[in-house]
>>> print(open('entry-v1.cif').read())   # mmCIF, C-alpha atoms and all ligand atoms
data_protein
#
loop_
_atom_site.label_atom_id
_atom_site.label_comp_id
_atom_site.auth_asym_id
_atom_site.auth_seq_id
_atom_site.Cartn_x
_atom_site.Cartn_y
_atom_site.Cartn_z
CA MET A 1 -20.80 -8.14 1.29
CA SER A 2 -20.25 -7.00 -2.24
CA THR A 3 -17.34 -8.28 -4.24
CA PRO A 4 -15.74 -5.36 -6.09
CA ASP A 5 -16.85 -4.76 -9.66
CA ILE A 6 -14.01 -5.91 -11.89
CA SER A 7 -15.99 -5.99 -15.13
CA HIS A 8 -13.70 -3.28 -16.57
CA ILE A 9 -10.75 -5.70 -16.61
CA LYS A 10 -10.46 -7.39 -20.02
CA SER A 11 -9.21 -10.87 -20.68
CA SER A 12 -6.25 -9.25 -22.46
CA ASP A 13 -5.37 -7.57 -19.14
CA TYR A 14 -5.24 -11.00 -17.55
CA GLN A 15 -2.43 -11.91 -19.93
CA LEU A 16 -0.42 -9.26 -18.10
CA ILE A 17 -1.68 -9.25 -14.51
CA TYR A 18 -2.95 -11.71 -11.91
CA GLU A 19 -6.61 -12.57 -12.31
CA PRO A 20 -8.38 -12.75 -8.94
CA ALA A 21 -8.59 -16.41 -8.01
CA GLU A 22 -9.42 -18.61 -5.02
CA ASP A 23 -6.57 -17.10 -2.98
CA SER A 24 -7.86 -13.57 -3.61
CA PHE A 25 -11.42 -14.56 -2.72
CA LEU A 26 -10.35 -16.35 0.44
CA PHE A 27 -8.50 -13.15 1.35
CA LEU A 28 -11.71 -11.14 0.88
CA ASP A 29 -13.66 -13.63 3.00
CA ALA A 30 -11.10 -13.37 5.80
CA LEU A 31 -11.13 -9.56 5.74
CA LEU A 32 -14.90 -9.58 5.84
CA GLN A 33 -14.89 -11.96 8.78
CA ASP A 34 -12.48 -9.60 10.59
CA ILE A 35 -14.08 -6.36 9.46
CA ASN A 36 -15.28 -5.24 12.90
CA PHE A 37 -11.89 -5.95 14.39
CA ILE A 38 -10.23 -3.88 11.66
CA ARG A 39 -12.78 -1.07 11.91
CA ASN A 40 -12.25 -0.86 15.68
CA LEU A 41 -8.54 -0.24 15.10
CA ARG A 42 -9.64 3.00 13.42
CA PRO A 43 -7.01 2.57 10.71
CA VAL A 44 -5.61 5.61 8.94
CA THR A 45 -3.08 3.96 6.62
CA CYS A 46 -3.45 0.69 4.73
CA LEU A 47 -0.65 -0.71 2.61
CA GLU A 48 -0.94 -3.59 0.18
CA ILE A 49 2.17 -5.19 -1.27
CA GLY A 50 1.53 -6.73 -4.69
CA SER A 51 -1.98 -5.43 -5.33
CA GLY A 52 -2.36 -7.00 -8.81
CA SER A 53 -5.89 -6.16 -9.97
CA GLY A 54 -6.45 -4.08 -6.80
CA ILE A 55 -9.39 -6.22 -5.73
CA VAL A 56 -8.25 -6.71 -2.13
CA SER A 57 -7.52 -3.07 -1.26
CA THR A 58 -10.70 -1.97 -3.03
CA PHE A 59 -12.72 -4.48 -1.05
CA LEU A 60 -11.23 -3.46 2.28
CA ALA A 61 -11.70 0.26 1.66
CA LYS A 62 -15.30 -0.33 0.62
CA GLU A 63 -16.15 -2.56 3.54
CA LEU A 64 -14.50 -0.23 6.06
CA GLY A 65 -16.74 2.55 4.85
CA CYS A 66 -14.55 5.27 6.35
CA PRO A 67 -11.68 7.09 4.67
CA VAL A 68 -8.23 5.51 4.74
CA LEU A 69 -5.05 6.12 2.81
CA SER A 70 -4.71 2.96 0.69
CA ILE A 71 -1.25 2.70 -0.81
CA CYS A 72 -0.84 -0.26 -3.19
CA THR A 73 2.51 -1.35 -4.52
CA ASP A 74 3.27 -3.69 -7.37
CA ILE A 75 6.38 -4.47 -9.35
CA ASN A 76 4.31 -4.95 -12.52
CA PRO A 77 3.41 -1.66 -14.23
CA HIS A 78 0.19 -3.07 -15.70
CA ALA A 79 -0.91 -4.14 -12.24
CA THR A 80 -0.49 -0.62 -10.85
CA GLU A 81 -2.58 0.74 -13.75
CA VAL A 82 -5.35 -1.79 -13.24
CA THR A 83 -5.27 -1.29 -9.47
CA LYS A 84 -5.99 2.41 -9.96
CA LYS A 85 -8.88 1.65 -12.34
CA THR A 86 -10.40 -1.00 -10.10
CA GLY A 87 -10.51 1.50 -7.27
CA LEU A 88 -12.20 4.13 -9.44
CA GLN A 89 -14.65 1.60 -10.88
CA ASN A 90 -15.80 1.04 -7.30
CA GLY A 91 -15.70 4.65 -6.12
CA ILE A 92 -12.49 4.12 -4.15
CA SER A 93 -9.33 6.13 -4.53
CA LEU A 94 -6.31 3.82 -4.32
CA GLU A 95 -2.76 5.14 -4.46
CA PRO A 96 -0.64 2.76 -6.53
CA VAL A 97 3.14 2.98 -6.49
CA LEU A 98 5.26 1.04 -8.98
CA THR A 99 8.07 -0.38 -6.90
CA ASP A 100 9.79 -3.46 -5.53
CA LEU A 101 7.97 -4.37 -2.29
CA VAL A 102 7.91 -1.08 -0.34
CA ASN A 103 11.02 0.58 -1.78
CA GLY A 104 10.73 4.35 -1.44
CA LEU A 105 7.93 4.07 1.13
CA GLY A 106 9.60 2.18 3.96
CA GLU A 107 11.21 5.19 5.58
CA ARG A 108 8.15 7.42 5.93
CA LEU A 109 5.67 4.61 6.54
CA LYS A 110 7.81 3.32 9.40
CA SER A 111 5.48 2.54 12.35
CA ASN A 112 2.64 4.13 10.41
CA VAL A 113 0.91 1.22 8.70
CA ASP A 114 -2.27 0.14 10.47
CA VAL A 115 -3.28 -2.59 8.03
CA LEU A 116 -0.72 -4.40 5.88
CA LEU A 117 -2.01 -6.77 3.19
CA PHE A 118 0.03 -9.26 1.21
CA ASN A 119 -1.04 -11.98 -1.16
CA PRO A 120 2.44 -13.03 -2.25
CA PRO A 121 3.73 -15.01 -5.18
CA TYR A 122 3.64 -18.17 -3.10
CA VAL A 123 3.99 -20.98 -5.65
CA VAL A 124 7.03 -23.25 -5.34
CA THR A 125 9.09 -22.67 -8.50
CA PRO A 126 12.73 -22.77 -9.56
CA SER A 127 14.56 -19.78 -8.05
CA GLU A 128 15.40 -18.46 -11.52
CA GLU A 129 11.73 -17.66 -12.10
CA VAL A 130 11.62 -15.18 -9.22
CA GLY A 131 12.28 -11.50 -9.91
CA SER A 132 10.35 -10.84 -13.12
CA HIS A 133 8.29 -7.68 -13.61
CA GLY A 134 5.67 -9.48 -15.66
CA ILE A 135 2.88 -11.91 -14.91
CA GLU A 136 5.32 -14.57 -13.65
CA ALA A 137 5.85 -12.28 -10.64
CA SER A 138 2.27 -13.09 -9.67
CA TRP A 139 3.05 -16.62 -8.66
CA ALA A 140 6.78 -17.42 -8.80
CA GLY A 141 7.86 -17.88 -5.20
CA GLY A 142 11.07 -19.87 -5.64
CA LYS A 143 12.20 -22.30 -2.97
CA CYS A 144 9.25 -23.34 -0.76
CA GLY A 145 7.43 -20.42 -2.41
CA ARG A 146 9.14 -18.32 0.22
CA GLU A 147 11.66 -16.20 -1.67
CA VAL A 148 9.52 -13.06 -1.93
CA ILE A 149 7.74 -13.73 1.38
CA ASP A 150 11.10 -13.92 3.15
CA ARG A 151 12.01 -10.46 1.88
CA VAL A 152 8.78 -9.05 3.28
CA LEU A 153 8.83 -10.62 6.76
CA PRO A 154 11.74 -8.49 8.09
CA LEU A 155 9.91 -5.34 6.93
CA VAL A 156 6.75 -6.08 8.89
CA PRO A 157 7.87 -5.05 12.41
CA ASN A 158 9.19 -1.75 11.04
CA LEU A 159 6.13 -0.88 9.03
CA LEU A 160 3.35 -1.73 11.44
CA SER A 161 2.05 0.85 13.88
CA LYS A 162 1.46 -0.06 17.52
CA ILE A 163 -2.02 -1.30 16.71
CA GLY A 164 -1.01 -2.52 13.25
CA VAL A 165 -2.22 -5.79 11.79
CA PHE A 166 -0.65 -7.84 8.99
CA TYR A 167 -2.68 -10.22 6.84
CA MET A 168 -1.08 -12.59 4.37
CA VAL A 169 -1.97 -15.53 2.13
CA VAL A 170 0.06 -18.73 2.34
CA ILE A 171 -0.06 -22.30 1.10
CA LYS A 172 1.00 -25.27 3.16
CA GLU A 173 4.31 -25.52 1.24
CA ASN A 174 5.27 -22.05 2.55
CA ARG A 175 5.47 -23.57 6.07
CA PRO A 176 3.20 -21.21 7.97
CA ASP A 177 4.60 -22.46 11.31
CA GLU A 178 8.03 -21.27 10.31
CA ILE A 179 6.64 -17.88 9.20
CA CYS A 180 4.89 -17.69 12.56
CA SER A 181 8.08 -18.33 14.51
CA ILE A 182 9.99 -15.75 12.45
CA LEU A 183 7.50 -13.01 13.34
CA MET A 184 7.12 -14.29 16.90
CA LYS A 185 10.76 -13.33 17.44
CA SER A 186 9.75 -9.73 16.68
CA GLY A 187 6.90 -9.83 19.15
CA PHE A 188 3.99 -10.88 16.97
CA THR A 189 1.30 -13.45 17.49
CA MET A 190 -0.42 -15.35 14.68
CA VAL A 191 -3.98 -16.47 14.08
CA THR A 192 -5.14 -18.49 11.08
CA VAL A 193 -8.27 -16.61 10.04
CA LEU A 194 -9.46 -18.99 7.31
CA SER A 195 -8.22 -22.02 5.40
CA ARG A 196 -9.55 -23.64 2.25
CA ARG A 197 -8.48 -26.32 -0.15
CA SER A 198 -8.51 -25.27 -3.78
CA GLY A 199 -7.36 -27.98 -6.16
CA PRO A 200 -3.82 -28.89 -5.16
CA GLU A 201 -3.40 -25.79 -2.95
CA PHE A 202 -4.16 -25.69 0.76
CA LEU A 203 -4.60 -21.95 1.29
CA SER A 204 -4.66 -20.06 4.58
CA ILE A 205 -5.03 -16.43 5.56
CA LEU A 206 -2.74 -15.56 8.45
CA ARG A 207 -3.17 -12.57 10.75
CA PHE A 208 -0.35 -11.13 12.82
CA THR A 209 -0.69 -8.60 15.63
CA ARG A 210 1.71 -7.36 18.27
CA VAL A 211 1.69 -9.48 21.40
CA ASP A 212 1.87 -6.44 23.66
CA TYR A 213 -1.16 -4.79 22.10
CA ARG A 214 -4.44 -5.63 23.72
CA MET B 1 -0.75 10.57 -6.92
CA LYS B 2 -2.07 12.66 -4.11
CA LEU B 3 0.30 15.00 -2.29
CA LEU B 4 -0.47 12.81 0.75
CA THR B 5 1.26 9.91 -1.00
CA HIS B 6 4.10 12.12 -2.18
CA ASN B 7 4.69 12.93 1.51
CA MET B 8 5.43 9.22 2.08
CA LEU B 9 8.04 8.80 -0.67
CA THR B 10 11.81 9.02 -0.25
CA SER B 11 14.69 8.32 -2.61
CA ASN B 12 17.22 7.06 -0.06
CA ILE B 13 16.79 3.69 -1.74
CA ILE B 14 19.42 4.95 -4.20
CA LYS B 15 22.97 3.97 -3.33
CA GLY B 16 24.71 6.94 -1.70
CA VAL B 17 21.58 8.97 -1.00
CA THR B 18 21.11 9.49 2.74
CA LYS B 19 17.79 11.25 3.25
CA GLY B 20 16.24 11.62 -0.18
CA PHE B 21 13.36 13.68 1.15
CA PRO B 22 11.32 15.56 0.19
CA LEU B 23 11.30 14.70 -3.49
CA GLY B 24 10.94 17.73 -5.73
CA ILE B 25 7.96 17.73 -8.06
CA GLN B 26 8.08 18.79 -11.69
CA VAL B 27 4.52 18.60 -12.84
CA SER B 28 3.23 18.62 -16.38
CA LYS B 29 -0.35 17.61 -15.58
CA LEU B 30 -2.16 18.30 -12.33
CA GLU B 31 -5.76 17.47 -11.46
CA GLU B 32 -8.04 18.61 -8.68
CA LYS B 33 -10.66 16.11 -7.61
CA SER B 34 -13.21 16.75 -4.96
CA VAL B 35 -13.08 14.28 -2.07
CA ASP B 36 -15.54 14.17 0.84
CA PHE B 37 -14.17 16.14 3.77
CA ASN B 38 -13.79 14.02 6.90
CA PRO B 39 -12.31 16.23 9.66
CA ASP B 40 -11.59 13.30 11.96
CA PHE B 41 -9.57 11.46 9.30
CA VAL B 42 -7.57 14.57 8.38
CA ALA B 43 -6.87 15.34 12.06
CA ARG B 44 -5.60 11.81 12.64
CA MET B 45 -3.45 11.97 9.52
CA ILE B 46 -1.75 15.28 10.42
CA PRO B 47 0.71 13.77 12.96
CA LYS B 48 1.99 11.44 10.22
CA ILE B 49 2.60 14.28 7.78
CA ASP B 50 5.92 16.04 7.36
CA TRP B 51 4.41 19.48 7.10
CA SER B 52 7.36 21.34 5.64
CA ALA B 53 7.62 18.70 2.91
CA LEU B 54 3.91 19.15 2.21
CA LYS B 55 4.31 22.89 2.05
CA GLN B 56 7.19 22.48 -0.37
CA ALA B 57 5.27 19.99 -2.51
CA ALA B 58 2.31 22.37 -2.64
CA SER B 59 4.67 25.16 -3.77
CA ASP B 60 6.22 22.89 -6.39
CA VAL B 61 2.81 22.39 -7.98
CA GLY B 62 1.86 26.05 -7.68
CA LYS B 63 -0.45 25.67 -4.66
CA GLY B 64 1.94 26.87 -1.97
CA ASP B 65 -0.36 29.58 -0.68
CA GLU B 66 -3.23 27.17 -0.04
CA ILE B 67 -1.79 25.95 3.27
CA PRO B 68 -0.05 27.78 6.12
CA ALA B 69 3.71 27.36 6.67
CA ASP B 70 3.14 25.52 9.95
CA ILE B 71 0.60 23.29 11.62
CA VAL B 72 -1.58 25.48 13.82
CA PRO B 73 -2.03 24.77 17.55
CA GLN B 74 -5.18 22.82 18.42
CA TYR B 75 -5.71 21.99 14.79
CA GLU B 76 -8.13 19.20 15.74
CA GLN B 77 -10.78 21.83 16.41
CA ASN B 78 -9.77 24.17 13.62
CA GLU B 79 -12.08 23.36 10.75
CA ASP B 80 -10.61 26.01 8.48
CA PHE B 81 -7.13 24.54 8.88
CA LEU B 82 -8.36 20.96 8.46
CA LYS B 83 -10.20 21.90 5.28
CA LYS B 84 -7.07 23.42 3.79
CA ALA B 85 -5.03 20.40 4.78
CA HIS B 86 -7.70 18.12 3.32
CA HIS B 87 -7.65 19.98 0.05
CA VAL B 88 -3.88 19.88 -0.38
CA LEU B 89 -3.42 16.31 0.90
CA MET B 90 -6.39 14.63 -0.73
CA GLU B 91 -7.66 16.66 -3.66
CA ILE B 92 -4.57 17.71 -5.59
CA GLU B 93 -3.18 14.94 -7.78
CA VAL B 94 -0.04 14.81 -9.84
CA ILE B 95 -1.01 12.96 -13.01
CA GLU B 96 2.07 13.47 -15.19
CA GLY B 97 5.48 14.68 -14.17
CA GLU B 98 8.64 13.75 -12.36
CA LEU B 99 9.79 13.40 -8.78
CA VAL B 100 13.33 14.62 -8.26
CA CYS B 101 15.75 13.23 -5.69
CA PRO B 102 17.04 16.25 -3.72
CA GLU B 103 20.54 14.79 -3.42
CA SER B 104 21.30 13.00 -6.67
CA GLY B 105 18.90 14.71 -9.06
CA ARG B 106 17.65 11.25 -10.16
CA LYS B 107 14.17 11.61 -11.61
CA PHE B 108 11.30 9.23 -10.95
CA PRO B 109 8.56 9.48 -13.56
CA VAL B 110 4.91 9.86 -12.63
CA SER B 111 2.62 8.69 -15.39
CA ASN B 112 -1.12 8.22 -15.30
CA GLY B 113 -0.93 9.35 -11.68
CA ILE B 114 1.41 6.50 -10.72
CA PRO B 115 4.94 7.16 -9.45
CA ASN B 116 7.61 4.77 -10.68
CA MET B 117 10.14 4.17 -7.91
CA LEU B 118 11.87 1.22 -9.61
CA LEU B 119 15.64 1.49 -9.71
CA ASN B 120 18.18 0.07 -12.11
CA GLU B 121 20.45 -2.62 -10.73
CA ASP B 122 23.45 -0.29 -10.66
CA GLU B 123 21.60 2.18 -8.43
CA VAL B 124 20.99 -0.11 -5.47
C1 LIG A 301 -0.71 -13.63 -6.07
S1 LIG A 301 -0.69 -12.03 -6.85
C2 LIG A 301 -1.90 -11.17 -5.82
C3 LIG A 301 -2.65 -10.08 -6.54
C4 LIG A 301 -3.81 -9.49 -5.74
N1 LIG A 301 -3.37 -8.88 -4.51
C5 LIG A 301 -4.84 -10.56 -5.45
O1 LIG A 301 -4.94 -10.95 -4.28
O2 LIG A 301 -5.53 -10.98 -6.37
C6 LIG A 301 0.89 -11.34 -6.32
C7 LIG A 301 1.17 -9.93 -6.77
O3 LIG A 301 2.42 -9.50 -6.22
C8 LIG A 301 3.15 -8.77 -7.19
N2 LIG A 301 4.57 -8.84 -6.85
C9 LIG A 301 5.42 -9.89 -7.00
N3 LIG A 301 6.66 -9.57 -6.59
C10 LIG A 301 6.60 -8.27 -6.15
C11 LIG A 301 7.57 -7.37 -5.62
N4 LIG A 301 8.84 -7.73 -5.43
N5 LIG A 301 7.16 -6.13 -5.30
C12 LIG A 301 5.87 -5.74 -5.49
N6 LIG A 301 4.92 -6.56 -5.99
C13 LIG A 301 5.27 -7.81 -6.32
C14 LIG A 301 2.77 -9.45 -8.49
O4 LIG A 301 3.04 -8.60 -9.60
C15 LIG A 301 1.29 -9.74 -8.28
O5 LIG A 301 0.49 -8.66 -8.68
#
>>> encode(input="entry-v1.cif", output="structure tokens", more="lines below")
Ligand SMILES: C[S@@+](CC[C@H](N)C(=O)[O-])C[C@H]1O[C@@H](n2cnc3c(N)ncnc32)[C@H](O)[C@@H]1O
Amino acid sequence: MSTPDISHIKSSDYQLIYEPAEDSFLFLDALLQDINFIRNLRPVTCLEIGSGSGIVSTFLAKELGCPVLSICTDINPHATEVTKKTGLQNGISLEPVLTDLVNGLGERLKSNVDVLLFNPPYVVTPSEEVGSHGIEASWAGGKCGREVIDRVLPLVPNLLSKIGVFYMVVIKENRPDEICSILMKSGFTMVTVLSRRSGPEFLSILRFTRVDYR
Amino acid sequence: MKLLTHNMLTSNIIKGVTKGFPLGIQVSKLEEKSVDFNPDFVARMIPKIDWSALKQAASDVGKGDEIPADIVPQYEQNEDFLKKAHHVLMEIEVIEGELVCPESGRKFPVSNGIPNMLLNEDEV
């Protein structure tokens, strides 16, 4: 495995966008562990919500080694800029879109997303901190760290193709069991791909697939 | 932004806009970048493409005659067709310009190759 080259990102950029951290690296480890599974899906379209530096989508596209359309959204304009550059730095062409979640893409990507990636702002914060377009949007998750997550969950069944898979990062405070039961109601099954303690955070990477797809 | 990505964008996120597709393109800077041709990938992407929107987008950026008006039968085996589709979908990039909502005329800027689909609070 080769972690994407992010040497082009300056420390001044990290004043404006999320610097890849333990959560990002756990995400990469989980995708690597699942890479044959993902490759066998023969994905055409990957979508990442909140791509930040772009490290996750770059990594996946590189490891897959076959062409995919990688659309990356972020609500922070600096993040979309850096995402584009991180792709190019690693020979990968990412397609950033500056938007709130998947606004403007939801209609046409309906049932078309084969791999959906989401490392959300998951930190428990006061609700008032949610909704910024700056670096606070990287972590501020509001109540239970779920306020942005809970806007994404209802979109998942619509976006994913028949074979589609959804990966997301959570911490214990986000109540993964509850997230699991929400998506179970829409016919998904959950696997915890990896978990790791990092300081005060107990991080997990969750994978959701459709129950009726085998 | 590749024309492939443009094909996935709609403006019906604006209050009162029903379809919002396809978005018009007013381009001030276009780039062509060569991308490895993978016939299998292009063939599997074609069913997800709204071809008339792609044709229109290509026309908007002055490349309308580079693809046929319709998808050809048995395109999976038609290398000539797949190459043209590949070129227009993957190699033509809008770097600077605006995307125009077909119903409201609302413009979404594209800068540095990145479309800005953010709305103001009074638009949602
Ligand atoms: C924890 S960071 C993850 C960044 C990167 N994917 C990684 O793993 O290192 C969360 C990202 O989500 C973005 N974000 C937060 N709210 C968003 C929203 N409503 N729509 C799109 N992106 C959002 C933030 O700007 C930030 O880049």
>>> residues_around(input="entry-v1.cif", residues="Val44 of chain A", least_positions_apart="4", cutoff="9 Å", atoms="all atoms listed in the file", output="PyMOL selection string")
(chain A and resi 67-70+112-115) or (chain B and resi 41+44-45)
>>> closest_residue(input="entry-v1.cif", among="B:Lys29, B:Lys63, B:Lys48, B:Lys15", to="Asn120 of chain B", atoms="only C-alpha atoms")
B:Lys15
>>> residues_around(input="entry-v1.cif", residues="Glu103 of chain B", least_positions_apart="5", cutoff="10 Å", atoms="all atoms listed in the file", output="PyMOL selection string")
chain B and resi 11-12+14+16-23
>>> residues_near_ligand(input="entry-v1.cif", ligand="ligand LIG 301 (chain A)", cutoff="6 Å", atoms="only C-alpha atoms and all ligand atoms", output="compact mmCIF listing (two decimals) with C-alpha atoms, in the frame of the given file")
# COMPACT_ATOMS: atom_id res chain seq x y z
CA TYR A 18 -2.95 -11.71 -11.91
CA PRO A 20 -8.38 -12.75 -8.94
CA SER A 24 -7.86 -13.57 -3.61
CA ILE A 49 2.17 -5.19 -1.27
CA GLY A 50 1.53 -6.73 -4.69
CA SER A 51 -1.98 -5.43 -5.33
CA GLY A 52 -2.36 -7.00 -8.81
CA SER A 53 -5.89 -6.16 -9.97
CA VAL A 56 -8.25 -6.71 -2.13
CA THR A 73 2.51 -1.35 -4.52
CA ASP A 74 3.27 -3.69 -7.37
CA ILE A 75 6.38 -4.47 -9.35
CA ASN A 76 4.31 -4.95 -12.52
CA ALA A 79 -0.91 -4.14 -12.24
CA THR A 99 8.07 -0.38 -6.90
CA ASP A 100 9.79 -3.46 -5.53
CA LEU A 101 7.97 -4.37 -2.29
CA ASN A 119 -1.04 -11.98 -1.16
CA PRO A 120 2.44 -13.03 -2.25
CA PRO A 121 3.73 -15.01 -5.18
CA ALA A 137 5.85 -12.28 -10.64
CA SER A 138 2.27 -13.09 -9.67
CA TRP A 139 3.05 -16.62 -8.66
>>> interface_residues(input="entry-v1.cif", of="chain A", to="chain B", cutoff="6 Å", atoms="only C-alpha atoms", output="PyMOL selection string")
chain A and resi 96-99+104-105+108
>>> closest_residue(input="entry-v1.cif", among="B:Leu3, B:Cys101, B:Val94, B:Val72", to="Gln56 of chain B", atoms="all atoms listed in the file")
B:Leu3
>>> residues_around(input="entry-v1.cif", residues="segment 193-208 of chain A", least_positions_apart="5", cutoff="7 Å", atoms="all atoms listed in the file", output="VMD selection string")
chain A and resid 22 to 23 27 30 165 to 172 188
>>> atom_distance(input="entry-v1.cif", atom1="atom CA of Glu96 of chain B", atom2="atom CA of Leu30 of chain B")
7.0 Å
